[in-house]
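So this one's start.cif, mmCIF, C-alpha atoms:
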data_protein
loop_
_atom_site.group_PDB
_atom_site.id
_atom_site.type_symbol
_atom_site.label_atom_id
_atom_site.label_comp_id
_atom_site.auth_asym_id
_atom_site.auth_seq_id
_atom_site.Cartn_x
_atom_site.Cartn_y
_atom_site.Cartn_z
ATOM 1 C CA MET A 8 12.662 21.490 -2.220
ATOM 2 C CA THR A 9 13.684 20.148 -5.627
ATOM 3 C CA SER A 10 10.871 18.553 -7.607
ATOM 4 C CA ARG A 11 11.011 14.758 -7.536
ATOM 5 C CA VAL A 12 9.659 12.067 -9.845
ATOM 6 C CA VAL A 13 7.070 10.015 -7.964
ATOM 7 C CA VAL A 14 5.266 6.850 -9.074
ATOM 8 C CA VAL A 15 2.136 5.828 -7.191
ATOM 9 C CA THR A 16 0.726 2.456 -8.189
ATOM 10 C CA GLY A 17 -3.026 2.124 -7.874
ATOM 11 C CA GLY A 18 -3.016 5.893 -8.131
ATOM 12 C CA GLY A 19 -6.418 6.449 -9.685
ATOM 13 C CA THR A 20 -8.686 6.132 -6.662
ATOM 14 C CA GLY A 21 -8.809 6.055 -2.869
ATOM 15 C CA ILE A 22 -5.506 6.162 -1.008
ATOM 16 C CA GLY A 23 -3.501 6.232 -4.231
ATOM 17 C CA ALA A 24 -5.331 9.282 -5.542
ATOM 18 C CA ALA A 25 -4.850 11.073 -2.214
ATOM 19 C CA VAL A 26 -1.141 10.235 -2.213
ATOM 20 C CA ALA A 27 -0.734 11.397 -5.809
ATOM 21 C CA ARG A 28 -2.551 14.645 -5.039
ATOM 22 C CA ARG A 29 -0.358 15.349 -2.010
ATOM 23 C CA PHE A 30 2.888 14.923 -3.950
ATOM 24 C CA THR A 31 1.510 16.959 -6.853
ATOM 25 C CA GLU A 32 0.602 19.812 -4.514
ATOM 26 C CA ALA A 33 4.171 19.697 -3.181
ATOM 27 C CA GLY A 34 5.429 20.376 -6.704
ATOM 28 C CA ASP A 35 6.562 16.866 -7.593
ATOM 29 C CA GLN A 36 6.112 15.223 -10.984
ATOM 30 C CA VAL A 37 3.679 12.428 -10.251
ATOM 31 C CA PHE A 38 2.781 9.338 -12.270
ATOM 32 C CA ALA A 39 -0.434 7.946 -10.790
ATOM 33 C CA ALA A 40 -0.383 4.520 -12.403
ATOM 34 C CA THR A 41 -3.732 2.780 -12.773
ATOM 35 C CA HIS A 42 -4.164 -0.882 -13.713
ATOM 36 C CA ALA A 43 -4.674 0.232 -17.318
ATOM 37 C CA ASP A 44 -1.328 2.029 -17.225
ATOM 38 C CA CYS A 45 0.621 -0.764 -15.545
ATOM 39 C CA ASP A 46 -0.526 -4.207 -14.448
ATOM 40 C CA VAL A 47 1.742 -4.629 -11.424
ATOM 41 C CA THR A 48 1.412 -8.424 -11.610
ATOM 42 C CA ASP A 49 2.869 -8.538 -15.141
ATOM 43 C CA GLU A 50 6.669 -8.568 -15.141
ATOM 44 C CA ALA A 51 7.005 -7.300 -18.709
ATOM 45 C CA ALA A 52 4.408 -4.567 -18.234
ATOM 46 C CA VAL A 53 6.146 -3.331 -15.076
ATOM 47 C CA ALA A 54 9.543 -3.262 -16.791
ATOM 48 C CA GLU A 55 8.129 -1.357 -19.751
ATOM 49 C CA TYR A 56 6.253 1.170 -17.624
ATOM 50 C CA PHE A 57 9.165 2.020 -15.347
ATOM 51 C CA ALA A 58 11.587 2.230 -18.261
ATOM 52 C CA HIS A 59 9.207 4.732 -19.878
ATOM 53 C CA VAL A 60 9.018 6.892 -16.746
ATOM 54 C CA GLY A 61 12.802 6.944 -16.332
ATOM 55 C CA ASP A 62 14.612 7.966 -13.147
ATOM 56 C CA ILE A 63 12.284 7.626 -10.150
ATOM 57 C CA ASP A 64 12.903 9.291 -6.823
ATOM 58 C CA VAL A 65 9.907 7.976 -4.903
ATOM 59 C CA LEU A 66 7.970 4.745 -5.398
ATOM 60 C CA VAL A 67 4.699 4.261 -3.544
ATOM 61 C CA ASN A 68 3.559 0.631 -3.725
ATOM 62 C CA ASN A 69 -0.150 1.230 -3.263
ATOM 63 C CA ALA A 70 -1.901 -1.078 -5.753
ATOM 64 C CA GLY A 71 -3.931 -3.591 -3.776
ATOM 65 C CA MET A 72 -6.955 -5.831 -3.622
ATOM 66 C CA SER A 73 -8.865 -7.739 -0.979
ATOM 67 C CA ALA A 74 -11.322 -10.589 -0.609
ATOM 68 C CA SER A 75 -12.773 -12.106 2.532
ATOM 69 C CA ALA A 76 -13.847 -15.617 3.419
ATOM 70 C CA PRO A 77 -13.095 -18.250 6.054
ATOM 71 C CA VAL A 78 -9.950 -20.195 5.233
ATOM 72 C CA GLU A 79 -11.868 -23.296 4.202
ATOM 73 C CA ARG A 80 -13.970 -21.266 1.756
ATOM 74 C CA THR A 81 -11.095 -19.217 0.347
ATOM 75 C CA THR A 82 -10.523 -20.321 -3.222
ATOM 76 C CA LEU A 83 -7.085 -20.762 -4.717
ATOM 77 C CA GLU A 84 -8.006 -18.052 -7.224
ATOM 78 C CA GLN A 85 -8.756 -15.573 -4.413
ATOM 79 C CA TRP A 86 -5.558 -16.510 -2.578
ATOM 80 C CA GLU A 87 -3.338 -16.160 -5.634
ATOM 81 C CA ALA A 88 -4.947 -12.925 -6.829
ATOM 82 C CA GLN A 89 -4.258 -11.176 -3.534
ATOM 83 C CA LEU A 90 -0.685 -12.445 -3.347
ATOM 84 C CA ASP A 91 -0.115 -11.417 -6.973
ATOM 85 C CA VAL A 92 -1.262 -7.811 -6.516
ATOM 86 C CA ASN A 93 -0.345 -7.064 -2.908
ATOM 87 C CA ALA A 94 2.976 -8.898 -2.674
ATOM 88 C CA THR A 95 4.308 -9.771 -6.126
ATOM 89 C CA GLY A 96 3.253 -6.368 -7.461
ATOM 90 C CA ALA A 97 5.222 -4.600 -4.742
ATOM 91 C CA PHE A 98 8.201 -6.876 -5.476
ATOM 92 C CA LEU A 99 8.207 -6.237 -9.230
ATOM 93 C CA CYS A 100 7.877 -2.468 -8.864
ATOM 94 C CA THR A 101 10.492 -2.264 -6.129
ATOM 95 C CA ARG A 102 12.902 -4.352 -8.163
ATOM 96 C CA ALA A 103 12.350 -2.076 -11.152
ATOM 97 C CA VAL A 104 13.354 1.131 -9.341
ATOM 98 C CA LEU A 105 16.238 -0.116 -7.211
ATOM 99 C CA PRO A 106 19.029 -0.069 -9.834
ATOM 100 C CA GLY A 107 18.410 3.590 -10.687
ATOM 101 C CA MET A 108 18.107 4.602 -7.055
ATOM 102 C CA ARG A 109 21.364 2.812 -6.232
ATOM 103 C CA GLU A 110 23.123 4.517 -9.131
ATOM 104 C CA ARG A 111 22.014 7.971 -7.906
ATOM 105 C CA GLY A 112 22.487 7.131 -4.209
ATOM 106 C CA MET A 113 19.017 8.294 -3.230
ATOM 107 C CA GLY A 114 15.405 7.164 -3.209
ATOM 108 C CA ARG A 115 12.332 6.467 -1.154
ATOM 109 C CA ILE A 116 10.161 3.346 -1.344
ATOM 110 C CA VAL A 117 6.946 3.385 0.661
ATOM 111 C CA THR A 118 4.563 0.429 0.683
ATOM 112 C CA VAL A 119 0.933 0.894 1.632
ATOM 113 C CA ALA A 120 0.248 -2.212 3.690
ATOM 114 C CA SER A 121 -2.394 -2.596 6.417
ATOM 115 C CA THR A 122 -2.825 -3.448 10.065
ATOM 116 C CA ALA A 123 -3.552 -6.881 8.557
ATOM 117 C CA ALA A 124 0.165 -6.997 7.726
ATOM 118 C CA LEU A 125 0.986 -7.176 11.420
ATOM 119 C CA THR A 126 -1.764 -9.277 12.968
ATOM 120 C CA GLY A 127 -4.354 -11.874 12.039
ATOM 121 C CA ALA A 128 -8.101 -11.490 11.801
ATOM 122 C CA ARG A 129 -10.906 -13.804 10.812
ATOM 123 C CA TYR A 130 -11.795 -14.146 7.142
ATOM 124 C CA THR A 131 -8.656 -12.420 5.853
ATOM 125 C CA ALA A 132 -6.302 -15.303 5.043
ATOM 126 C CA GLY A 133 -5.291 -14.190 1.563
ATOM 127 C CA TYR A 134 -5.251 -10.495 2.384
ATOM 128 C CA ALA A 135 -3.334 -10.833 5.639
ATOM 129 C CA ALA A 136 -0.815 -13.253 4.134
ATOM 130 C CA SER A 137 -0.180 -10.990 1.158
ATOM 131 C CA LYS A 138 0.191 -7.878 3.307
ATOM 132 C CA HIS A 139 2.515 -9.711 5.718
ATOM 133 C CA ALA A 140 4.562 -10.623 2.632
ATOM 134 C CA SER A 141 4.684 -6.999 1.480
ATOM 135 C CA VAL A 142 6.020 -5.874 4.863
ATOM 136 C CA GLY A 143 8.546 -8.716 4.870
ATOM 137 C CA LEU A 144 9.711 -7.593 1.438
ATOM 138 C CA MET A 145 9.997 -4.009 2.665
ATOM 139 C CA ARG A 146 12.140 -5.043 5.634
ATOM 140 C CA THR A 147 14.428 -7.117 3.423
ATOM 141 C CA VAL A 148 14.865 -4.244 0.984
ATOM 142 C CA ALA A 149 15.548 -1.891 3.900
ATOM 143 C CA ALA A 150 18.310 -4.178 5.136
ATOM 144 C CA GLU A 151 19.870 -4.330 1.675
ATOM 145 C CA VAL A 152 19.806 -0.572 1.043
ATOM 146 C CA ALA A 153 20.820 0.595 4.528
ATOM 147 C CA GLY A 154 23.402 3.348 4.307
ATOM 148 C CA THR A 155 22.982 3.933 0.564
ATOM 149 C CA GLY A 156 20.694 6.983 0.682
ATOM 150 C CA ILE A 157 17.662 4.827 -0.133
ATOM 151 C CA THR A 158 14.997 3.925 2.408
ATOM 152 C CA ALA A 159 12.148 1.421 2.395
ATOM 153 C CA ASN A 160 9.230 1.710 4.806
ATOM 154 C CA ALA A 161 5.539 0.868 5.048
ATOM 155 C CA VAL A 162 2.363 2.434 6.350
ATOM 156 C CA CYS A 163 -0.171 0.107 7.985
ATOM 157 C CA PRO A 164 -3.571 1.781 8.198
ATOM 158 C CA THR A 165 -6.739 0.410 9.711
ATOM 159 C CA PHE A 166 -9.913 0.591 7.575
ATOM 160 C CA VAL A 167 -9.859 3.642 5.305
ATOM 161 C CA ARG A 168 -12.830 5.372 3.694
ATOM 162 C CA THR A 169 -12.212 4.045 0.182
ATOM 163 C CA GLU A 170 -13.924 2.025 -2.530
ATOM 164 C CA MET A 171 -12.266 -1.118 -1.162
ATOM 165 C CA THR A 172 -13.813 -0.524 2.255
ATOM 166 C CA THR A 173 -17.174 0.166 0.618
ATOM 167 C CA ARG A 174 -16.993 -3.260 -0.988
ATOM 168 C CA SER A 175 -16.146 -4.793 2.404
ATOM 169 C CA VAL A 176 -19.174 -3.053 3.904
ATOM 170 C CA GLU A 177 -21.385 -4.417 1.144
ATOM 171 C CA ARG A 178 -20.107 -7.958 1.764
ATOM 172 C CA ILE A 179 -20.695 -7.662 5.510
ATOM 173 C CA ALA A 180 -24.195 -6.316 4.945
ATOM 174 C CA ALA A 181 -25.029 -9.073 2.468
ATOM 175 C CA LYS A 182 -23.734 -11.874 4.662
ATOM 176 C CA THR A 183 -25.059 -10.675 8.010
ATOM 177 C CA GLY A 184 -28.256 -8.877 7.083
ATOM 178 C CA ARG A 185 -27.016 -5.709 8.787
ATOM 179 C CA GLY A 186 -27.603 -2.322 7.290
ATOM 180 C CA GLU A 187 -24.581 -0.663 5.704
ATOM 181 C CA ALA A 188 -24.454 1.970 8.457
ATOM 182 C CA ASP A 189 -24.178 -0.796 11.057
ATOM 183 C CA ALA A 190 -21.499 -2.531 8.979
ATOM 184 C CA ILE A 191 -19.462 0.680 8.784
ATOM 185 C CA GLU A 192 -19.811 1.099 12.538
ATOM 186 C CA ALA A 193 -18.527 -2.444 13.044
ATOM 187 C CA LEU A 194 -15.415 -1.697 11.001
ATOM 188 C CA ALA A 195 -14.888 1.665 12.687
ATOM 189 C CA THR A 196 -15.019 0.217 16.182
ATOM 190 C CA ALA A 197 -12.546 -2.531 15.250
ATOM 191 C CA SER A 198 -9.713 -0.081 16.037
ATOM 192 C CA PRO A 199 -9.140 2.228 19.001
ATOM 193 C CA LEU A 200 -9.480 5.164 16.602
ATOM 194 C CA GLY A 201 -13.228 4.534 16.611
ATOM 195 C CA ARG A 202 -13.723 5.733 13.057
ATOM 196 C CA LEU A 203 -12.575 5.092 9.521
ATOM 197 C CA LEU A 204 -9.353 6.737 8.438
ATOM 198 C CA GLU A 205 -9.518 9.294 5.656
ATOM 199 C CA PRO A 206 -7.304 8.755 2.579
ATOM 200 C CA ASP A 207 -5.563 12.084 3.208
ATOM 201 C CA GLU A 208 -4.380 10.826 6.605
ATOM 202 C CA VAL A 209 -2.638 7.904 4.940
ATOM 203 C CA ALA A 210 -1.239 10.230 2.275
ATOM 204 C CA PHE A 211 0.310 12.387 4.987
ATOM 205 C CA ALA A 212 2.058 9.362 6.505
ATOM 206 C CA VAL A 213 3.356 8.306 3.087
ATOM 207 C CA SER A 214 4.684 11.785 2.343
ATOM 208 C CA PHE A 215 6.351 11.894 5.761
ATOM 209 C CA LEU A 216 8.256 8.656 5.141
ATOM 210 C CA ALA A 217 9.156 9.840 1.632
ATOM 211 C CA ALA A 218 10.514 13.192 2.778
ATOM 212 C CA PRO A 219 14.226 13.926 2.304
ATOM 213 C CA GLU A 220 14.336 14.675 6.032
ATOM 214 C CA ALA A 221 13.249 11.095 6.798
ATOM 215 C CA ALA A 222 16.593 9.627 5.722
ATOM 216 C CA ALA A 223 17.142 7.987 9.130
ATOM 217 C CA ILE A 224 13.823 6.095 9.004
ATOM 218 C CA ASN A 225 14.306 2.742 7.300
ATOM 219 C CA GLY A 226 12.643 -0.658 7.619
ATOM 220 C CA GLN A 227 9.739 0.654 9.672
ATOM 221 C CA ALA A 228 6.019 -0.173 9.600
ATOM 222 C CA LEU A 229 4.102 2.930 10.661
ATOM 223 C CA VAL A 230 0.761 1.893 12.163
ATOM 224 C CA LEU A 231 -2.241 4.174 11.665
ATOM 225 C CA ASP A 232 -4.974 2.818 13.910
ATOM 226 C CA GLY A 233 -5.183 5.096 16.929
ATOM 227 C CA GLY A 234 -2.994 2.948 19.166
ATOM 228 C CA GLY A 235 -4.162 -0.652 18.878
ATOM 229 C CA ILE A 236 -1.001 -2.304 17.548
ATOM 230 C CA SER A 237 2.509 -1.691 18.791
ATOM 231 C CA VAL A 238 5.436 -2.758 16.634
ATOM 232 C CA SER A 239 8.660 -3.693 18.387
#
Please, can you express the file's structure as structure tokens?
Amino acid sequence: MTSRVVVVTGGGTGIGAAVARRFTEAGDQVFAATHADCDVTDEAAVAEYFAHVGDIDVLVNNAGMSASAPVERTTLEQWEAQLDVNATGAFLCTRAVLPGMRERGMGRIVTVASTAALTGARYTAGYAASKHASVGLMRTVAAEVAGTGITANAVCPTFVRTEMTTRSVERIAAKTGRGEADAIEALATASPLGRLLEPDEVAFAVSFLAAPEAAAINGQALVLDGGGISVS
């Protein structure tokens, strides 16, 4: 397989680091963009970063953030921050790579969303709304690029063993008085899988959708939760 140029936003830790490692091991040239490298919410910074990288074969929209609170206690700052990173960030990065992909007639765009992008759950208003938006963006892009050699898809994992999940566990423990082990168990049993996903499992799904052989898969949200959510 010919080496490809891959950009993974939020590529320094967790899922992003696992994705970057998987593409690197496959022989691709990988740019694992951290917030310090590229603030995905800043239009000028995104334009500058992607212009510096040049022609991009695979974009993985992975940069994300989360906060949890009941709707009535969700601040506007929390709401906007999640929409900015999870939705607007994916939009700005996708928009930046599309012209080059169209010119070359090839490309893969994979968005790391969440099961929260497909269903609602308590205390996740900003997160769920932003992830729904990211999947809606993906489906719109997929419709626009159909038949061009470019595809746009998303992966929707349940809770993954990452720093973000650790912070969720700490919030649950602080608010409920549970121990962290009990909080992890509560998250694990929230999906039929019965455990947390590992970052490498998500990385595999991303690499599958980004493969040249996946040219017929477009506009899909691949759920990674052990069978709890079906997408029509």
Return as a tab-separated table the residues of region 100-156 of chain A lying at most 12 Å from region 190-199 of chain A, together with the closest atom-to-atom pair for each and the distance in Å to one decimal, counting all atoms listed in the file, with rows in chain order and ascending residue number.
residue	atom	partner	partner_atom	distance
A:Thr122	CA	A:Ser198	CA	9.7
A:Ala123	CA	A:Ser198	CA	11.8
A:Ala128	CA	A:Ala197	CA	10.6
**Prompt:** Written as a ChimeraX atom specification, which residues does the PyMOL selection byres ((chain A and resi 91) around 12) give for the file shown?
**Reply:** /A:46-50,70-73,83-90,92-99,133-134,136-138,140-141
**Request:** Find the distance between CA of Gly21 (chain A) and CA of Thr9 (chain A) and write it in Å to one decimal.
**Result:** 26.7 Å
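The smallest atom-to-atom distance between Ala58 (chain A) and any of A:Gly19, A:Gly114, A:Gly186, A:Pro106, using all atoms listed in the file, is found for A:Pro106.
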Since I can't run it myself right now, could you work out what the PyMOL selection byres ((chain A and resi 69) around 7) selects here and report it as a PDB file with C-alpha atoms, in the frame of the given file?
ATOM      1  CA  VAL A  15       2.136   5.828  -7.191  1.00  0.00           C
ATOM      2  CA  THR A  16       0.726   2.456  -8.189  1.00  0.00           C
ATOM      3  CA  GLY A  17      -3.026   2.124  -7.874  1.00  0.00           C
ATOM      4  CA  GLY A  23      -3.501   6.232  -4.231  1.00  0.00           C
ATOM      5  CA  VAL A  67       4.699   4.261  -3.544  1.00  0.00           C
ATOM      6  CA  ASN A  68       3.559   0.631  -3.725  1.00  0.00           C
ATOM      7  CA  ALA A  70      -1.901  -1.078  -5.753  1.00  0.00           C
ATOM      8  CA  GLY A  71      -3.931  -3.591  -3.776  1.00  0.00           C
ATOM      9  CA  THR A 118       4.563   0.429   0.683  1.00  0.00           C
ATOM     10  CA  VAL A 119       0.933   0.894   1.632  1.00  0.00           C
TER      11      VAL A 119
END
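Excluding Glu110 (chain A) and any residue on its chain fewer than 5 positions from it, the residues at most 12 Å away by all atoms listed in the file are A:Asp62, A:Ile63, A:Asp64, A:Val104, A:Leu105, A:Val152, A:Thr155, A:Gly156, A:Ile157.
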**Request:** Can you work out the spacing between CA of Ala212 (chain A) and CA of Gly127 (chain A) in Å, to one decimal?
**Result:** 22.9 Å
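Taken over the whole file, the PyMOL selection byres ((chain A and resi 117) around 9) covers exactly Val65, Leu66, Val67, Asn68, Asn69, Arg115, Ile116, Thr118, Val119, Met145, Thr158, Ala159, Asn160, Ala161, Val162, Val213, Ser214, Leu216 and Ala217 of chain A.
Across the model, the gap from CA of Gly226 (chain A) to CA of Ala40 (chain A) is 24.4 Å.
For the set A:Thr31, A:Ser121, A:Thr131, A:Thr126, the residue with the smallest atom-to-atom gap to Thr165 (chain A) is A:Ser121, counting all atoms listed in the file.
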Please put the answer as lines of an AutoDock Vina configuration file: centre and edge lengths, in Å with one decimal, of a box along x, y and z that encloses all listed atoms of region 12-19 of chain A plus 4 Å on each side.
center_x = 1.6
center_y = 7.1
center_z = -8.5
size_x = 24.1
size_y = 17.9
size_z = 10.7
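Proximity to Arg28 (chain A) at 12 Å, evaluated using only C-alpha atoms and with sequence-adjacent residues fewer than 6 positions away removed, yields Val13, Val14, Val15, Gly18, Gly19, Thr20, Gly21, Ile22, Gly34, Asp35, Gln36, Val37, Phe38, Ala39, Pro206, Asp207, Ala210, Phe211, Val213 and Ser214 of chain A.
Nearest to Arg102 (chain A) of all the residues A:Ala132, A:Ala120, A:Ile224, A:Val148 is A:Val148, based on all atoms listed in the file.
Using all atoms listed in the file, the nearest neighbour of Phe215 (chain A) within the list A:Arg146, A:Leu203, A:Leu229, A:Arg168 is A:Leu229.
Each of A:Tyr56, A:Ala221, A:Ile236, A:Thr169 was compared to Ala43 (chain A) using only C-alpha atoms, and A:Tyr56 turns out to be the nearest.
In this comparison, which uses only C-alpha atoms, the residue of A:Gly233, A:Thr101, A:Ala51, A:Thr41 approaching Ala24 (chain A) most closely is A:Thr41.
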